[in-house]
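Enquirer: First, the structure itself, so that you have it in front of you.
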Amino acid sequence: VRLVGSEMCIRDRIRIIMNIAIVGTGYVGLVSGTCFAEMGANVTCVDVDQKKIDKLCAGEMPIYEPGLEELVKRNVGYGRLHFTTDLTSVLDDVEVVFSAVGTPPDEDGSADLKYVLAVARQFGQNINKYTILVTKSTVPVGTANKVKVAIQEELNKRGVDVPFDVASNPEFLKEGAAIKDFMSPDRVVVGIESNRAEEVMTKLYQPFLLQNFRVIFMDIPSAEMTKYAANAMLATRISFMNDIANLCELVGANVHNVRRGIGTDTRIGAKFLYAGCGYGGSCFPKDVKALVHTGMDVGYRMKVIEAVEEVNEYQKGIVFEKLLKMMPEDESLQGKTIAVLGLAFKPETDDMREAPALVVIDCLLKAGAKVRVFDPIAMVECKRRIGDLVAYADNIYDCVDGAYAMLLMTEWRQFRLPSWNVIKKIMIGNIIVDGRNIYHRDELEAEGFSYITIGE
């Protein structure tokens, strides 16, 4: 007897907890919708991209996230997870609509809310009963008020008086560990304005409450700010440690020892204190910029956060600068093959948004180098972004074959224990720049490499 069959029999005897819709099938929307379905809710994921919806219906994932494909297929099979391009077709049946659309940065760094407000307007144009619109996208403080105004304007145009609530439920998912983060969260933050909204959201998150996870209700502006503050704090720790690492090199200290020394202080802790070549991804860069802009909007300068961004922008190019310093003065990179290991901004994802590897590749190409790259997951994404400007290798050894130097940009597990003896034989040069500090100096120097790291 298969467990799946047993679970289906049990599910048949249990009423669905809630009917919800999630608008946007990007990273946040698809992971959230799938996990809500896994917890027993009846979920419809909505997206304006017909091709994406067609692929999801066929079981094809638009993003890479460990465990997601299996979870999607399972819940589609159970009849708890659905995909459509038509939000209006499900509004009469749902109690909660989550808005998980993109909020890309404008040229000035502020969050672009056009997609968020478009969802709000469509919501106001079509609701016929009490429903909650919950913003799950990362949005600036005050966005909920704009959403509420947009909904009410559409209701006024219709000449109807339909009750509704808005709420904020920011996500705190780490790419590469999003399923675990959603199913076993550190905390769930929910911003609400009414007791009725709190009751509905409590019902939705009841499975998490049963497992003793923390669901923290607060006012909406505080919920909106919590997301930005959390990401800004993590980004600050990264940039702080990178600043310390750069200073360590100049004064003869070792950043690894410094990290151990401060990380054991319980007031500080060891997480997010690893020096490297900077952060990237869809959250930290965008949210840091947006927080700086929020301060500007109200006449306050976020000096610490501005410095965090400045340090990170510098750090993204540091691997290239270290490579240049290792070269003889009479040589250039013109015509030399440089191997770049790692393209995604972090392991366990194919996300290359704001990835340090893109900055380094651009510097190498401008210097006349021939660039060969390898990443276990992000090769397709890289080709989509920069096409054939670089050569694509099949594995680590194909990547470094004939290379003048090897640059490590992403700390994938499979990069941790290569055969240095083989690499030494097939490389033309002997320079290795470790942008993530994952190798051991003694080992590499014993093999005859010139090994450069960050902060020692």
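Ordered as shown in the structure tokens, chains take letters A, B, and onward, while each chain numbers its residues from 1 and ligands are numbered from 1 in the order shown.
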Which residues, written as a PyMOL selection string, have at least one atom at most 12 Å from A:Asp434, with only C-alpha atoms counted and residues fewer than 3 positions away on the same chain left out?
Expert: chain A and resi 275-277+318-320+322-323+339-342+405-411+415-416+431+437-441+444+449-456
Enquirer: Determine which residues of stretch 125-337 of chain A receive a DSSP assignment of strand (DSSP E), computed from the backbone, and state them as a PyMOL selection string.
Expert: chain A and resi 131-135+164-168+188-191+215-218+337
Enquirer: I need the chosen residues saved as a PDB file, in the first residue's frame, with N, CA and C atoms.
Expert:
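Once everything was written out, this is out39.pdb:
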```pdb
ATOM      1  N   THR A 131     -13.135  39.865   1.351  1.00  0.00           N
ATOM      2  CA  THR A 131     -11.903  39.172   0.987  1.00  0.00           C
ATOM      3  C   THR A 131     -10.729  40.008   1.486  1.00  0.00           C
ATOM      4  N   ILE A 132      -9.653  39.339   1.801  1.00  0.00           N
ATOM      5  CA  ILE A 132      -8.448  40.039   2.246  1.00  0.00           C
ATOM      6  C   ILE A 132      -7.420  40.013   1.123  1.00  0.00           C
ATOM      7  N   LEU A 133      -6.834  41.164   0.827  1.00  0.00           N
ATOM      8  CA  LEU A 133      -5.696  41.225  -0.099  1.00  0.00           C
ATOM      9  C   LEU A 133      -4.429  41.375   0.734  1.00  0.00           C
ATOM     10  N   VAL A 134      -3.582  40.373   0.663  1.00  0.00           N
ATOM     11  CA  VAL A 134      -2.366  40.323   1.466  1.00  0.00           C
ATOM     12  C   VAL A 134      -1.158  40.565   0.572  1.00  0.00           C
ATOM     13  N   THR A 135      -0.378  41.566   0.893  1.00  0.00           N
ATOM     14  CA  THR A 135       0.842  41.827   0.133  1.00  0.00           C
ATOM     15  C   THR A 135       1.970  40.957   0.672  1.00  0.00           C
ATOM     16  N   PHE A 164     -13.694  44.738   2.689  1.00  0.00           N
ATOM     17  CA  PHE A 164     -12.412  44.091   2.396  1.00  0.00           C
ATOM     18  C   PHE A 164     -11.400  44.531   3.438  1.00  0.00           C
ATOM     19  N   ASP A 165     -10.307  43.825   3.507  1.00  0.00           N
ATOM     20  CA  ASP A 165      -9.176  44.215   4.338  1.00  0.00           C
ATOM     21  C   ASP A 165      -7.901  44.081   3.515  1.00  0.00           C
ATOM     22  N   VAL A 166      -6.910  44.848   3.906  1.00  0.00           N
ATOM     23  CA  VAL A 166      -5.566  44.650   3.362  1.00  0.00           C
ATOM     24  C   VAL A 166      -4.675  44.195   4.513  1.00  0.00           C
ATOM     25  N   ALA A 167      -3.638  43.469   4.170  1.00  0.00           N
ATOM     26  CA  ALA A 167      -2.707  42.964   5.171  1.00  0.00           C
ATOM     27  C   ALA A 167      -1.324  42.860   4.550  1.00  0.00           C
ATOM     28  N   SER A 168      -0.334  42.721   5.407  1.00  0.00           N
ATOM     29  CA  SER A 168       1.056  42.544   4.957  1.00  0.00           C
ATOM     30  C   SER A 168       1.605  41.268   5.572  1.00  0.00           C
ATOM     31  N   VAL A 188       6.524  33.979  11.508  1.00  0.00           N
ATOM     32  CA  VAL A 188       5.635  34.471  10.460  1.00  0.00           C
ATOM     33  C   VAL A 188       5.153  35.842  10.909  1.00  0.00           C
ATOM     34  N   VAL A 189       5.408  36.848  10.102  1.00  0.00           N
ATOM     35  CA  VAL A 189       5.018  38.219  10.429  1.00  0.00           C
ATOM     36  C   VAL A 189       3.773  38.589   9.630  1.00  0.00           C
ATOM     37  N   VAL A 190       2.743  39.049  10.326  1.00  0.00           N
ATOM     38  CA  VAL A 190       1.493  39.424   9.670  1.00  0.00           C
ATOM     39  C   VAL A 190       1.067  40.805  10.165  1.00  0.00           C
ATOM     40  N   GLY A 191       0.956  41.740   9.237  1.00  0.00           N
ATOM     41  CA  GLY A 191       0.454  43.067   9.564  1.00  0.00           C
ATOM     42  C   GLY A 191      -1.019  43.157   9.217  1.00  0.00           C
ATOM     43  N   VAL A 215       3.754  33.100  15.087  1.00  0.00           N
ATOM     44  CA  VAL A 215       3.054  33.988  14.171  1.00  0.00           C
ATOM     45  C   VAL A 215       2.879  35.309  14.903  1.00  0.00           C
ATOM     46  N   ILE A 216       3.534  36.336  14.411  1.00  0.00           N
ATOM     47  CA  ILE A 216       3.580  37.626  15.089  1.00  0.00           C
ATOM     48  C   ILE A 216       2.666  38.608  14.364  1.00  0.00           C
ATOM     49  N   PHE A 217       1.581  38.991  15.014  1.00  0.00           N
ATOM     50  CA  PHE A 217       0.684  39.993  14.447  1.00  0.00           C
ATOM     51  C   PHE A 217       1.119  41.380  14.911  1.00  0.00           C
ATOM     52  N   MET A 218       1.042  42.325  13.990  1.00  0.00           N
ATOM     53  CA  MET A 218       1.433  43.704  14.282  1.00  0.00           C
ATOM     54  C   MET A 218       0.714  44.630  13.318  1.00  0.00           C
ATOM     55  N   THR A 337      42.925  32.886 -21.264  1.00  0.00           N
ATOM     56  CA  THR A 337      41.707  32.199 -20.844  1.00  0.00           C
ATOM     57  C   THR A 337      41.609  32.204 -19.324  1.00  0.00           C
TER      58      THR A 337
END
```
Enquirer: Between atom CA of A:Leu389 and atom CA of A:Pro356, measure the distance and give it in Å to one decimal.
Expert: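 Distance reported for this atom pair: 16.7 Å.
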Enquirer: Could you state the separation of atom CA of A:Ser419 and atom CA of A:Ala367 in Å, given to one decimal place?
Expert: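 Value for the atom CA of A:Ser419-atom CA of A:Ala367 distance: 29.3 Å.
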Enquirer: Return as a PyMOL selection string the full set of residues in stretch 62-195 of chain A whose backbone-based DSSP assignment is alpha helix (DSSP H).
Expert: chain A and resi 68-77+114-126+143-158+178-183+195
Enquirer: Please provide as number ranges by chain all residues within 7 Å of stretch 82-91 of chain A, with the sequence filter that same-chain residues fewer than 3 positions apart are discarded (counting only C-alpha atoms).
Expert: A: 43-48, 50, 53, 57, 76, 94, 126-127
Enquirer: Env of A:Met352: 9 Å cut, atoms = only C-alpha atoms, seq-sep filter 5 positions within chain, self excluded. Answer as a list of chain:residue names.
Expert: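 My list of contacting residues is A:Gly280, A:Gly281, A:Ser282, A:Leu343, A:Ala344, A:Phe345, A:Lys346, A:Ala357, A:Leu358, A:Ala378, A:Glu381, A:Cys382, A:Arg385.
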Enquirer: Based on the selection just made, write C-alpha atoms of those residues as a short mmCIF file (atom, residue, chain, number, x, y, z; two decimals), in the first residue's frame.
Expert:
```cif
data_model
loop_
_atom_site.label_atom_id
_atom_site.label_comp_id
_atom_site.auth_asym_id
_atom_site.auth_seq_id
_atom_site.Cartn_x
_atom_site.Cartn_y
_atom_site.Cartn_z
CA GLY A 280 23.73 39.51 -4.79
CA GLY A 281 20.32 38.02 -5.51
CA SER A 282 16.80 39.33 -5.77
CA LEU A 343 27.69 31.98 -11.67
CA ALA A 344 24.69 32.05 -9.33
CA PHE A 345 24.79 34.60 -6.53
CA LYS A 346 24.74 31.72 -4.02
CA ALA A 357 30.13 36.76 -11.15
CA LEU A 358 28.46 39.06 -13.68
CA ALA A 378 22.96 28.46 -13.58
CA GLU A 381 20.40 31.43 -16.94
CA CYS A 382 23.86 32.77 -17.78
CA ARG A 385 21.68 36.88 -19.79
#
```
Enquirer: Quick one: residues within 9 Å of stretch 105-114 of chain A, only C-alpha atoms, excluding same-chain residues fewer than 3 positions away - as a list in words?
Expert: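 Counting only the stated atoms, we get Gly102, Leu117, Ala118, Val119, Thr138, Val139, Pro140, Thr143, Lys286, Asp287, Val288, Lys289, Ala290, Leu291, Val292, His293 and Thr294 of chain A.
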Enquirer: Filtering to all heavy atoms, could you give me those residues as a CSV table (one decimal), in the first residue's frame?
Expert:
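Heads up, here's the output in part_3.csv:
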```csv
chain,number,residue,atom,x,y,z
A,102,GLY,N,6.2,41.2,-8.8
A,102,GLY,CA,7.5,41.8,-8.7
A,102,GLY,C,7.5,43.3,-8.3
A,102,GLY,O,6.5,44.0,-8.6
A,117,LEU,N,0.0,47.6,-7.5
A,117,LEU,CA,-1.2,48.4,-7.6
A,117,LEU,C,-2.2,47.9,-8.7
A,117,LEU,O,-3.4,48.0,-8.6
A,117,LEU,CB,-0.9,49.9,-7.9
A,117,LEU,CG,-0.1,50.6,-6.7
A,117,LEU,CD1,0.3,52.0,-7.1
A,117,LEU,CD2,-0.9,50.6,-5.4
A,118,ALA,N,-1.6,47.3,-9.7
A,118,ALA,CA,-2.4,46.7,-10.8
A,118,ALA,C,-3.3,45.5,-10.2
A,118,ALA,O,-4.4,45.3,-10.5
A,118,ALA,CB,-1.6,46.2,-11.9
A,119,VAL,N,-2.6,44.7,-9.3
A,119,VAL,CA,-3.4,43.6,-8.6
A,119,VAL,C,-4.5,44.2,-7.7
A,119,VAL,O,-5.6,43.7,-7.7
A,119,VAL,CB,-2.4,42.8,-7.8
A,119,VAL,CG1,-3.2,41.8,-6.9
A,119,VAL,CG2,-1.4,42.0,-8.7
A,138,THR,N,7.9,42.3,-1.3
A,138,THR,CA,8.6,43.3,-0.4
A,138,THR,C,8.3,44.7,-0.9
A,138,THR,O,8.6,45.0,-2.1
A,138,THR,CB,10.1,43.0,-0.5
A,138,THR,OG1,10.4,41.7,0.0
A,138,THR,CG2,10.9,44.0,0.4
A,139,VAL,N,7.6,45.5,-0.1
A,139,VAL,CA,7.2,46.8,-0.5
A,139,VAL,C,7.5,47.8,0.5
A,139,VAL,O,7.7,47.5,1.7
A,139,VAL,CB,5.7,46.8,-0.8
A,139,VAL,CG1,5.3,45.9,-1.9
A,139,VAL,CG2,4.9,46.4,0.5
A,140,PRO,N,7.7,49.1,0.1
A,140,PRO,CA,8.1,50.1,1.1
A,140,PRO,C,6.9,50.4,2.1
A,140,PRO,O,5.8,50.1,1.8
A,140,PRO,CB,8.3,51.4,0.2
A,140,PRO,CG,8.5,50.8,-1.2
A,140,PRO,CD,7.7,49.6,-1.2
A,143,THR,N,2.9,51.3,1.5
A,143,THR,CA,2.3,50.7,0.3
A,143,THR,C,0.9,50.2,0.6
A,143,THR,O,0.0,50.3,-0.3
A,143,THR,CB,3.2,49.5,-0.2
A,143,THR,OG1,4.5,50.0,-0.5
A,143,THR,CG2,2.5,48.8,-1.4
A,286,LYS,N,18.2,45.0,-3.9
A,286,LYS,CA,17.0,45.8,-4.2
A,286,LYS,C,16.5,46.4,-2.9
A,286,LYS,O,16.1,47.6,-2.9
A,286,LYS,CB,16.0,44.9,-4.8
A,286,LYS,CG,14.6,45.5,-5.0
A,286,LYS,CD,13.7,44.6,-5.8
A,286,LYS,CE,13.3,43.4,-5.0
A,286,LYS,NZ,12.4,43.7,-3.9
A,287,ASP,N,16.5,45.6,-1.8
A,287,ASP,CA,15.9,46.1,-0.6
A,287,ASP,C,16.8,47.2,0.1
A,287,ASP,O,16.2,48.1,0.7
A,287,ASP,CB,15.6,44.9,0.4
A,287,ASP,CG,14.6,44.0,-0.1
A,287,ASP,OD1,13.9,44.3,-1.2
A,287,ASP,OD2,14.4,42.9,0.5
A,288,VAL,N,18.1,47.0,0.0
A,288,VAL,CA,19.0,48.0,0.6
A,288,VAL,C,18.7,49.4,-0.2
A,288,VAL,O,18.6,50.4,0.5
A,288,VAL,CB,20.4,47.6,0.5
A,288,VAL,CG1,21.4,48.8,0.7
A,288,VAL,CG2,20.7,46.5,1.5
A,289,LYS,N,18.7,49.3,-1.5
A,289,LYS,CA,18.4,50.5,-2.3
A,289,LYS,C,17.1,51.2,-1.9
A,289,LYS,O,16.9,52.4,-1.7
A,289,LYS,CB,18.4,50.2,-3.8
A,289,LYS,CG,19.8,49.9,-4.3
A,289,LYS,CD,19.7,49.7,-5.8
A,289,LYS,CE,21.1,49.5,-6.5
A,289,LYS,NZ,21.8,48.3,-6.0
A,290,ALA,N,16.0,50.3,-1.8
A,290,ALA,CA,14.7,50.8,-1.5
A,290,ALA,C,14.6,51.4,-0.1
A,290,ALA,O,14.0,52.4,0.1
A,290,ALA,CB,13.7,49.7,-1.6
A,291,LEU,N,15.4,50.9,0.9
A,291,LEU,CA,15.4,51.4,2.2
A,291,LEU,C,16.1,52.8,2.3
A,291,LEU,O,15.6,53.7,2.9
A,291,LEU,CB,16.1,50.4,3.2
A,291,LEU,CG,15.9,50.7,4.7
A,291,LEU,CD1,14.4,50.8,5.0
A,291,LEU,CD2,16.6,49.6,5.5
A,292,VAL,N,17.1,52.9,1.5
A,292,VAL,CA,17.8,54.2,1.4
A,292,VAL,C,16.8,55.2,0.8
A,292,VAL,O,16.8,56.4,1.3
A,292,VAL,CB,19.1,54.1,0.5
A,292,VAL,CG1,19.6,55.5,0.2
A,292,VAL,CG2,20.2,53.3,1.2
A,293,HIS,N,16.1,54.8,-0.2
A,293,HIS,CA,15.2,55.7,-0.9
A,293,HIS,C,14.0,56.1,0.0
A,293,HIS,O,13.5,57.2,0.0
A,293,HIS,CB,14.7,55.1,-2.2
A,293,HIS,CG,14.0,56.1,-3.1
A,293,HIS,ND1,12.7,56.4,-3.0
A,293,HIS,CD2,14.5,56.9,-4.1
A,293,HIS,CE1,12.3,57.3,-3.9
A,293,HIS,NE2,13.4,57.6,-4.6
A,294,THR,N,13.6,55.1,0.8
A,294,THR,CA,12.5,55.4,1.8
A,294,THR,C,12.9,56.5,2.8
A,294,THR,O,12.1,57.4,3.1
A,294,THR,CB,12.1,54.2,2.6
A,294,THR,OG1,11.6,53.2,1.6
A,294,THR,CG2,11.0,54.4,3.6
```
Enquirer: What are the nearest atom pairs, with distances in Å to one decimal, for all residues of stretch 308-377 of chain A that come at most 12 Å from stretch 230-247 of chain A, using only C-alpha atoms, set out by chain and rising residue number as a Markdown table?
Expert:
```
| residue | atom | partner | partner_atom | distance |
| --- | --- | --- | --- | --- |
| A:Val308 | CA | A:Ser239 | CA | 5.5 |
| A:Glu309 | CA | A:Ser239 | CA | 7.8 |
| A:Glu310 | CA | A:Ser239 | CA | 8.8 |
| A:Val311 | CA | A:Ser239 | CA | 5.9 |
| A:Asn312 | CA | A:Ser239 | CA | 5.9 |
| A:Glu313 | CA | A:Ser239 | CA | 9.6 |
| A:Tyr314 | CA | A:Asp243 | CA | 9.9 |
| A:Gln315 | CA | A:Asn242 | CA | 7.3 |
| A:Lys316 | CA | A:Asn242 | CA | 10.5 |
| A:Ile318 | CA | A:Asn246 | CA | 9.6 |
| A:Val319 | CA | A:Asn246 | CA | 12.0 |
| A:Lys322 | CA | A:Asn246 | CA | 11.5 |
```
Enquirer: Please provide the set of residues having any atom within 9 Å of stretch 29-37 of chain A, restricted to only C-alpha atoms, with same-chain residues fewer than 3 positions apart removed, written as a VMD selection string.
Expert: chain A and resid 20 to 26 40 to 46 65 68 71 to 72 75 to 76 80 to 81 98 to 101 136 to 137 171 178 to 179 182 to 183 204
Enquirer: Next, write the just-selected residues to a file, as an mmCIF file, in the first residue's frame, keeping C-alpha atoms as the atom set.
Expert:
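selection-v2.cif was written with the following content:
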```cif
data_model
loop_
_atom_site.group_PDB
_atom_site.id
_atom_site.type_symbol
_atom_site.label_atom_id
_atom_site.label_comp_id
_atom_site.auth_asym_id
_atom_site.auth_seq_id
_atom_site.Cartn_x
_atom_site.Cartn_y
_atom_site.Cartn_z
ATOM 1 C CA ILE A 20 -6.698 31.133 -1.380
ATOM 2 C CA ALA A 21 -5.246 32.683 -4.512
ATOM 3 C CA ILE A 22 -1.691 33.830 -5.070
ATOM 4 C CA VAL A 23 -0.986 36.332 -7.829
ATOM 5 C CA GLY A 24 2.489 35.955 -9.277
ATOM 6 C CA THR A 25 4.290 32.660 -9.864
ATOM 7 C CA GLY A 26 7.797 33.928 -9.375
ATOM 8 C CA GLY A 40 -3.927 21.505 3.171
ATOM 9 C CA ALA A 41 -5.193 24.742 1.630
ATOM 10 C CA ASN A 42 -6.812 24.830 -1.788
ATOM 11 C CA VAL A 43 -4.522 27.165 -3.744
ATOM 12 C CA THR A 44 -4.826 28.786 -7.146
ATOM 13 C CA CYS A 45 -1.669 30.432 -8.465
ATOM 14 C CA VAL A 46 -2.317 33.212 -10.970
ATOM 15 C CA GLU A 65 14.625 25.357 -5.954
ATOM 16 C CA LEU A 68 9.965 22.358 -5.315
ATOM 17 C CA LEU A 71 6.064 19.301 -4.112
ATOM 18 C CA VAL A 72 4.272 21.006 -7.014
ATOM 19 C CA ASN A 75 -0.143 18.859 -4.740
ATOM 20 C CA VAL A 76 -1.376 19.190 -8.311
ATOM 21 C CA ARG A 80 -4.996 21.214 -4.015
ATOM 22 C CA LEU A 81 -2.798 23.293 -6.346
ATOM 23 C CA PHE A 98 -1.876 37.067 -1.846
ATOM 24 C CA SER A 99 -0.074 39.577 -4.042
ATOM 25 C CA ALA A 100 3.389 38.201 -4.823
ATOM 26 C CA VAL A 101 4.187 40.178 -7.961
ATOM 27 C CA LYS A 136 3.608 39.235 0.187
ATOM 28 C CA SER A 137 5.944 41.147 -2.099
ATOM 29 C CA GLU A 171 8.364 36.437 3.224
ATOM 30 C CA ALA A 178 12.896 28.007 0.725
ATOM 31 C CA ILE A 179 10.752 24.916 1.303
ATOM 32 C CA PHE A 182 8.321 28.112 4.727
ATOM 33 C CA MET A 183 7.346 24.853 6.391
ATOM 34 C CA LEU A 204 -4.748 30.187 7.543
#
```
